[in-house]
2 protein chains.
Amino acid sequence: MVGGGVTSAPPARDRHPGRPRVVVVGGGFGGIEVAKGLRRADVDLTLVDRQNHHCFQPLLYQVATATLTSSDVAWPIRGIVGAQPNTTVQLAEVTAIDRTNRVVHAGPASWPYDYLVVATGATHSYLGHSEWSRFAPGLKTIEDAAYIRRRLLLAFERAEVATDPDEQRRLMTFVIVGGGPTGVELAGAISELARHSLPLDFRRIDPQHARILLIEAGPRLLPALPEHLSAYAARVLARKGVEVLTGDPVEAIDDDCVRTRDTVIGTDTVIWAAGVAASPAAKWLAVPHDKSGRVEVMSDLSLADDPAVFVIGDTAAVQDENGDWVPGIAPAAKQMGEYVADVIRARVAGRPAPAPFRYRHQGDLATIGRRSAVVKLGRFELTGTIGWLFWGLVHVYFLIGNRNRLGVAFDWVWNYLTYQRRSRLITLDRVQGSDGEMKVAAPSVPPND
Amino acid sequence: MVGGGVTSAPPARDRHPGRPRVVVVGGGFGGIEVAKGLRRADVDLTLVDRQNHHCFQPLLYQVATATLTSSDVAWPIRGIVGAQPNTTVQLAEVTAIDRTNRVVHAGPASWPYDYLVVATGATHSYLGHSEWSRFAPGLKTIEDAAYIRRRLLLAFERAEVATDPDEQRRLMTFVIVGGGPTGVELAGAISELARHSLPLDFRRIDPQHARILLIEAGPRLLPALPEHLSAYAARVLARKGVEVLTGDPVEAIDDDCVRTRDTVIGTDTVIWAAGVAASPAAKWLAVPHDKSGRVEVMSDLSLADDPAVFVIGDTAAVQDENGDWVPGIAPAAKQMGEYVADVIRARVAGRPAPAPFRYRHQGDLATIGRRSAVVKLGRFELTGTIGWLFWGLVHVYFLIGNRNRLGVAFDWVWNYLTYQRRSRLITLDRVQGSDGEMKVAAPSVPPND
């Protein structure tokens, strides 16, 4: 063995054995805010995530529909907080939390803590039908987005090769389940992909004739918004050729069709944008949870029986001042992260605790496609081109890193002017060679149902 | 079943049953040139590829080292030639070529031809050791590049979590096998990643102390260039901390070490940049091939016993006017593609055949890292900053699409100024959850050896 020059001992520069140890599990919107909020605190901070990147989930649907690339909406966690002298970033998947001895475990690695923040987010919930996850991928990670992009683009490719008209029809039918912001945004974006970006490039099919269906079990789209904005979104989608089915819950999904209460739709491509479930943090912590798996926390976001452990973001069940549940959205997770950083800073400094956490709802917004969006901020409402521009500015502003802001803005302008989708790439885990037909393997992440 | 509105019959607009049918297999540099060259010819052209994108292989190493994204170096084939009215693009993997009946098969799909162009490129050759492919991925596709990027970044991440100094040392040792342009470019880029982009972000390891070894079996790096340029490249690499081992062939590779004739190197990350083998076109065509699998063709690039079938690019064995073999590089494939389009146009129009194919060697160039490259164009040589700028301009110029030209140029300037790598993303096919350790699955493409 040739000797190496690797420094294996931890560089002593930033380690202070006496300082309180803070472990943050999860590098999403909540976890990142905690780490940033503690950057000047006199603590040793360790941020553990099973991914090396923070993902800007509100724009994932644009990766799935080939407008943006993964790098546009994801940023290495080390690039955000890795240079903070008191912070160590660790890529590992947490396997257990030992509250008695105050240690977080990830296989052979472990990190003792004085304060623990669990910010592990949410995943898809198939409402008790975990078998649907095989046929109807959801959209939470950049792997999910790349997988959905492959499925969408490959459906058109397979239709172009197919000779059976029934098969072509099935391949060119796209079903989105769930009429919240993600479902609305996906339906609008798929319609524009089919009607504007692809048509010239195919000979044997006409992508403009693709069927796109958006299925919502409840009575209307975008239930968080007032009724007239839901109606506006439905009208814009109809104009884009999207068939909107409301009040019609899905009853079955398999590999070539979706059955709702009222109809059966032959399709090869179903996207799940309906339910979410909290990550299994309640199990790790051995604490009670609500029916979507969220951990109930005190008014300072710590556990009732363990003030050293905080749970934030989509994993926490928190009520606002009206007694409503705080929604599982990025601004809420960020507010909780900032708040917990305040609490820990106060405790470490021996200052009195800050006032109880109070959620400030900033608004709701969803884009429906080129020059149409719905925005509601307090009593202030926007639709159409103005709403769309506002939506774009807000999203660019909240992206992390000037590189990504510039990149996304440039991609949007380019796409707007040329209709070109720069990321129309099908990257195959495996090309099925033997029968000549193209398939892609699903990311083998088990559903959390 | 709800009725659909899909137009399933082929739109009649561009189909002319009497026109000669040209089938091109492969959308690389050669196949794309054939399709472009025939865009105004009175033929029905079908381009079949198993990927939906054309890949600019000369820049793949920058995707593998996180400077560029996949979308920067790959472009949908439909976006290049899909809008030509006489062209149909089909995503399918060719399974057989029936020369008797003149039909190309891909599973259930098939395309009859009057002229066939086989442009299926090359893949890695492990020089008779196909078992090495498991441990030492090569760099030919964007999937390969994404996989190598994961492996590189994950090695640093795992070293940061590891507690055993021997394991840290092994994880932070990187071996590149093969001292041609790809090997030199990879070694330089990995050195810059370790020494400039990563150091601030780690606490428990110092990425600057990573060991990077470049192993070449022959007597010197870059054998296609004159000796003094090889020596220059070796000096620049040494200055970047790369250990260059020449005249030292690899004898064994397994999952934790590489053994050469002279030494044993403990490592988790080996990249194969040594041998290439032609695609199995000779087998499909049932024609003789040379020892790297290339098909010998006539002076018009057609088969000796079948003037309707052409073989071009890395799949063809062609001699230049000095009797040397034409190298397997992009400009050679493009020249062959242009030439075959000329031949087919002449035959279809009943004009006399063009003069035999003649390869014009434009030059050799390789970049070694920031502000150093070697360039030789005829008697004209460049090194250092000027060579590096020239190399960059040439590569941006030959990219397809202004979007990619702008994107790549912007990423390079950004990276040069900030040392940030925008694509430092580890996308995992599967995170190994049970033991908490991170691993990635290799793309399951079988080696072609």
# chains A, B, ... in the order shown; residues from 1 in each chain; ligands from 1
$ select_by_dssp --residues "range 156-286 of chain A" --states "helix (DSSP H, G or I)" --output "number ranges by chain"
A: 156-161, 165-171, 181-197, 199-201, 207-209, 227-239, 281-285
$ atom_distance --atom1 "CA of Val34 in chain A" --atom2 "CA of Val340 in chain A"
6.5 Å
$ select_by_dssp --residues "range 174-348 of chain A" --states "strand (DSSP E)" --output "MDAnalysis selection string"
chainID A and resid 174:177 211:216 242:246 250:253 257:260 264:266 269:272 275:278 295:296 302:303 306:311 316:317
$ closest_residue --among "A:Ile176, A:Ile190, A:Asp314, A:Asp98" --to "Thr246 in chain A" --atoms "only C-alpha atoms"
A:Ile176
$ residues_around --residues "range 374-390 of chain A" --least-positions-apart "6" --cutoff "6 Å" --atoms "only C-alpha atoms" --output "mmCIF file with N, CA, C and O atoms, in the first residue's frame"
data_model
loop_
_atom_site.group_PDB
_atom_site.id
_atom_site.type_symbol
_atom_site.label_atom_id
_atom_site.label_comp_id
_atom_site.auth_asym_id
_atom_site.auth_seq_id
_atom_site.Cartn_x
_atom_site.Cartn_y
_atom_site.Cartn_z
ATOM 1 N N GLY A 363 -49.295 34.259 2.313
ATOM 2 C CA GLY A 363 -50.169 34.228 1.151
ATOM 3 C C GLY A 363 -50.133 32.892 0.444
ATOM 4 O O GLY A 363 -49.434 31.975 0.857
ATOM 5 N N ASP A 364 -50.930 32.812 -0.616
ATOM 6 C CA ASP A 364 -50.986 31.605 -1.425
ATOM 7 C C ASP A 364 -50.820 32.004 -2.878
ATOM 8 O O ASP A 364 -51.365 33.026 -3.309
ATOM 9 N N LEU A 365 -50.083 31.197 -3.611
ATOM 10 C CA LEU A 365 -49.965 31.506 -5.026
ATOM 11 C C LEU A 365 -49.686 30.243 -5.827
ATOM 12 O O LEU A 365 -49.102 29.295 -5.324
ATOM 13 N N ALA A 366 -50.168 30.242 -7.060
ATOM 14 C CA ALA A 366 -49.913 29.125 -7.976
ATOM 15 C C ALA A 366 -49.906 29.678 -9.376
ATOM 16 O O ALA A 366 -50.685 30.573 -9.711
#
$ residues_around --residues "Leu285 in chain B" --least-positions-apart "6" --cutoff "9 Å" --atoms "only C-alpha atoms" --output "number ranges by chain"
B: 96-99
$ closest_residue --among "B:Val117, B:Ala194, B:Val103, B:Ala278" --to "Ala341 in chain B" --atoms "only C-alpha atoms"
B:Val117
$ atom_distance --atom1 "CA of Gly275 in chain A" --atom2 "CA of Ile312 in chain A"
19.2 Å
$ residues_around --residues "range 63-74 of chain A" --least-positions-apart "2" --cutoff "6 Å" --atoms "only C-alpha atoms" --output "ChimeraX atom specification"
/A:53-56,60-61,145-146,148-149,404,421,423-424 /B:423
$ closest_residue --among "B:Ile400, B:Ala122, B:Ala252, B:Ala308" --to "Gly79 in chain B" --atoms "only C-alpha atoms"
B:Ile400
$ closest_residue --among "A:Pro249, A:Gly369, A:Pro76, A:Gly337" --to "chain B" --atoms "only C-alpha atoms"
A:Pro76
$ closest_residue --among "B:Ala187, B:Leu225, B:Val48, B:Leu38" --to "chain A" --atoms "only C-alpha atoms"
B:Val48
$ residues_around --residues "Pro354 in chain A" --least-positions-apart "2" --cutoff "8 Å" --atoms "only C-alpha atoms" --output "ChimeraX atom specification"
/A:342-343,346,352,356
$ decode --residues "range 120-144 of chain B" --atoms "N, CA, C and O atoms" --output "PDB file, in the first residue's frame"
ATOM      1  N   THR B 120     -23.181   3.978 -34.826  1.00  0.00           N
ATOM      2  CA  THR B 120     -23.541   3.643 -33.447  1.00  0.00           C
ATOM      3  C   THR B 120     -22.394   3.822 -32.453  1.00  0.00           C
ATOM      4  O   THR B 120     -22.523   3.461 -31.286  1.00  0.00           O
ATOM      5  N   GLY B 121     -21.290   4.390 -32.909  1.00  0.00           N
ATOM      6  CA  GLY B 121     -20.267   4.824 -31.968  1.00  0.00           C
ATOM      7  C   GLY B 121     -19.468   3.726 -31.305  1.00  0.00           C
ATOM      8  O   GLY B 121     -19.347   2.611 -31.823  1.00  0.00           O
ATOM      9  N   ALA B 122     -18.926   4.072 -30.149  1.00  0.00           N
ATOM     10  CA  ALA B 122     -18.037   3.160 -29.445  1.00  0.00           C
ATOM     11  C   ALA B 122     -18.415   3.138 -27.976  1.00  0.00           C
ATOM     12  O   ALA B 122     -19.160   3.978 -27.486  1.00  0.00           O
ATOM     13  N   THR B 123     -17.893   2.180 -27.287  1.00  0.00           N
ATOM     14  CA  THR B 123     -18.112   2.096 -25.847  1.00  0.00           C
ATOM     15  C   THR B 123     -16.767   1.794 -25.191  1.00  0.00           C
ATOM     16  O   THR B 123     -15.736   1.781 -25.856  1.00  0.00           O
ATOM     17  N   HIS B 124     -16.755   1.615 -23.865  1.00  0.00           N
ATOM     18  CA  HIS B 124     -15.493   1.317 -23.195  1.00  0.00           C
ATOM     19  C   HIS B 124     -15.028  -0.077 -23.526  1.00  0.00           C
ATOM     20  O   HIS B 124     -15.821  -0.985 -23.677  1.00  0.00           O
ATOM     21  N   SER B 125     -13.726  -0.257 -23.574  1.00  0.00           N
ATOM     22  CA  SER B 125     -13.180  -1.604 -23.641  1.00  0.00           C
ATOM     23  C   SER B 125     -12.273  -1.786 -22.444  1.00  0.00           C
ATOM     24  O   SER B 125     -11.419  -0.944 -22.168  1.00  0.00           O
ATOM     25  N   TYR B 126     -12.471  -2.870 -21.716  1.00  0.00           N
ATOM     26  CA  TYR B 126     -11.645  -3.130 -20.543  1.00  0.00           C
ATOM     27  C   TYR B 126     -10.520  -4.099 -20.886  1.00  0.00           C
ATOM     28  O   TYR B 126     -10.011  -4.781 -20.015  1.00  0.00           O
ATOM     29  N   LEU B 127     -10.162  -4.130 -22.173  1.00  0.00           N
ATOM     30  CA  LEU B 127      -8.987  -4.870 -22.618  1.00  0.00           C
ATOM     31  C   LEU B 127      -9.017  -6.318 -22.137  1.00  0.00           C
ATOM     32  O   LEU B 127      -8.026  -6.847 -21.637  1.00  0.00           O
ATOM     33  N   GLY B 128     -10.189  -6.929 -22.278  1.00  0.00           N
ATOM     34  CA  GLY B 128     -10.303  -8.330 -21.892  1.00  0.00           C
ATOM     35  C   GLY B 128     -10.661  -8.560 -20.437  1.00  0.00           C
ATOM     36  O   GLY B 128     -10.864  -9.698 -20.020  1.00  0.00           O
ATOM     37  N   HIS B 129     -10.743  -7.467 -19.658  1.00  0.00           N
ATOM     38  CA  HIS B 129     -11.078  -7.618 -18.228  1.00  0.00           C
ATOM     39  C   HIS B 129     -12.442  -7.007 -17.950  1.00  0.00           C
ATOM     40  O   HIS B 129     -12.552  -6.020 -17.227  1.00  0.00           O
ATOM     41  N   SER B 130     -13.489  -7.601 -18.487  1.00  0.00           N
ATOM     42  CA  SER B 130     -14.795  -6.964 -18.331  1.00  0.00           C
ATOM     43  C   SER B 130     -15.221  -6.901 -16.864  1.00  0.00           C
ATOM     44  O   SER B 130     -16.070  -6.101 -16.500  1.00  0.00           O
ATOM     45  N   GLU B 131     -14.598  -7.727 -16.025  1.00  0.00           N
ATOM     46  CA  GLU B 131     -14.954  -7.684 -14.601  1.00  0.00           C
ATOM     47  C   GLU B 131     -14.554  -6.350 -13.957  1.00  0.00           C
ATOM     48  O   GLU B 131     -15.092  -5.964 -12.929  1.00  0.00           O
ATOM     49  N   TRP B 132     -13.613  -5.605 -14.596  1.00  0.00           N
ATOM     50  CA  TRP B 132     -13.205  -4.311 -14.039  1.00  0.00           C
ATOM     51  C   TRP B 132     -14.306  -3.253 -14.184  1.00  0.00           C
ATOM     52  O   TRP B 132     -14.289  -2.236 -13.496  1.00  0.00           O
ATOM     53  N   SER B 133     -15.219  -3.490 -15.112  1.00  0.00           N
ATOM     54  CA  SER B 133     -16.229  -2.458 -15.372  1.00  0.00           C
ATOM     55  C   SER B 133     -17.068  -2.161 -14.126  1.00  0.00           C
ATOM     56  O   SER B 133     -17.559  -1.057 -13.957  1.00  0.00           O
ATOM     57  N   ARG B 134     -17.221  -3.139 -13.251  1.00  0.00           N
ATOM     58  CA  ARG B 134     -17.991  -2.913 -12.019  1.00  0.00           C
ATOM     59  C   ARG B 134     -17.339  -1.864 -11.127  1.00  0.00           C
ATOM     60  O   ARG B 134     -18.015  -1.148 -10.389  1.00  0.00           O
ATOM     61  N   PHE B 135     -15.997  -1.843 -11.145  1.00  0.00           N
ATOM     62  CA  PHE B 135     -15.284  -0.980 -10.194  1.00  0.00           C
ATOM     63  C   PHE B 135     -14.794   0.308 -10.840  1.00  0.00           C
ATOM     64  O   PHE B 135     -14.499   1.274 -10.137  1.00  0.00           O
ATOM     65  N   ALA B 136     -14.659   0.297 -12.160  1.00  0.00           N
ATOM     66  CA  ALA B 136     -14.025   1.419 -12.838  1.00  0.00           C
ATOM     67  C   ALA B 136     -14.914   1.908 -13.982  1.00  0.00           C
ATOM     68  O   ALA B 136     -14.709   1.551 -15.132  1.00  0.00           O
ATOM     69  N   PRO B 137     -15.924   2.738 -13.670  1.00  0.00           N
ATOM     70  CA  PRO B 137     -16.821   3.200 -14.725  1.00  0.00           C
ATOM     71  C   PRO B 137     -16.082   4.047 -15.750  1.00  0.00           C
ATOM     72  O   PRO B 137     -15.118   4.745 -15.424  1.00  0.00           O
ATOM     73  N   GLY B 138     -16.528   3.978 -16.987  1.00  0.00           N
ATOM     74  CA  GLY B 138     -15.997   4.825 -18.052  1.00  0.00           C
ATOM     75  C   GLY B 138     -16.934   5.991 -18.313  1.00  0.00           C
ATOM     76  O   GLY B 138     -17.956   6.140 -17.637  1.00  0.00           O
ATOM     77  N   LEU B 139     -16.585   6.813 -19.300  1.00  0.00           N
ATOM     78  CA  LEU B 139     -17.268   8.097 -19.480  1.00  0.00           C
ATOM     79  C   LEU B 139     -17.671   8.260 -20.948  1.00  0.00           C
ATOM     80  O   LEU B 139     -16.930   8.843 -21.737  1.00  0.00           O
ATOM     81  N   LYS B 140     -18.860   7.753 -21.286  1.00  0.00           N
ATOM     82  CA  LYS B 140     -19.319   7.848 -22.674  1.00  0.00           C
ATOM     83  C   LYS B 140     -20.699   8.498 -22.800  1.00  0.00           C
ATOM     84  O   LYS B 140     -21.064   8.996 -23.858  1.00  0.00           O
ATOM     85  N   THR B 141     -21.507   8.430 -21.732  1.00  0.00           N
ATOM     86  CA  THR B 141     -22.885   8.927 -21.807  1.00  0.00           C
ATOM     87  C   THR B 141     -23.142   9.888 -20.644  1.00  0.00           C
ATOM     88  O   THR B 141     -22.364   9.929 -19.681  1.00  0.00           O
ATOM     89  N   ILE B 142     -24.259  10.629 -20.702  1.00  0.00           N
ATOM     90  CA  ILE B 142     -24.549  11.512 -19.575  1.00  0.00           C
ATOM     91  C   ILE B 142     -24.901  10.715 -18.318  1.00  0.00           C
ATOM     92  O   ILE B 142     -24.657  11.173 -17.213  1.00  0.00           O
ATOM     93  N   GLU B 143     -25.403   9.495 -18.508  1.00  0.00           N
ATOM     94  CA  GLU B 143     -25.622   8.650 -17.330  1.00  0.00           C
ATOM     95  C   GLU B 143     -24.285   8.301 -16.681  1.00  0.00           C
ATOM     96  O   GLU B 143     -24.155   8.316 -15.452  1.00  0.00           O
ATOM     97  N   ASP B 144     -23.286   7.954 -17.514  1.00  0.00           N
ATOM     98  CA  ASP B 144     -21.945   7.671 -16.975  1.00  0.00           C
ATOM     99  C   ASP B 144     -21.414   8.880 -16.205  1.00  0.00           C
ATOM    100  O   ASP B 144     -20.846   8.747 -15.117  1.00  0.00           O
TER     101      ASP B 144
END
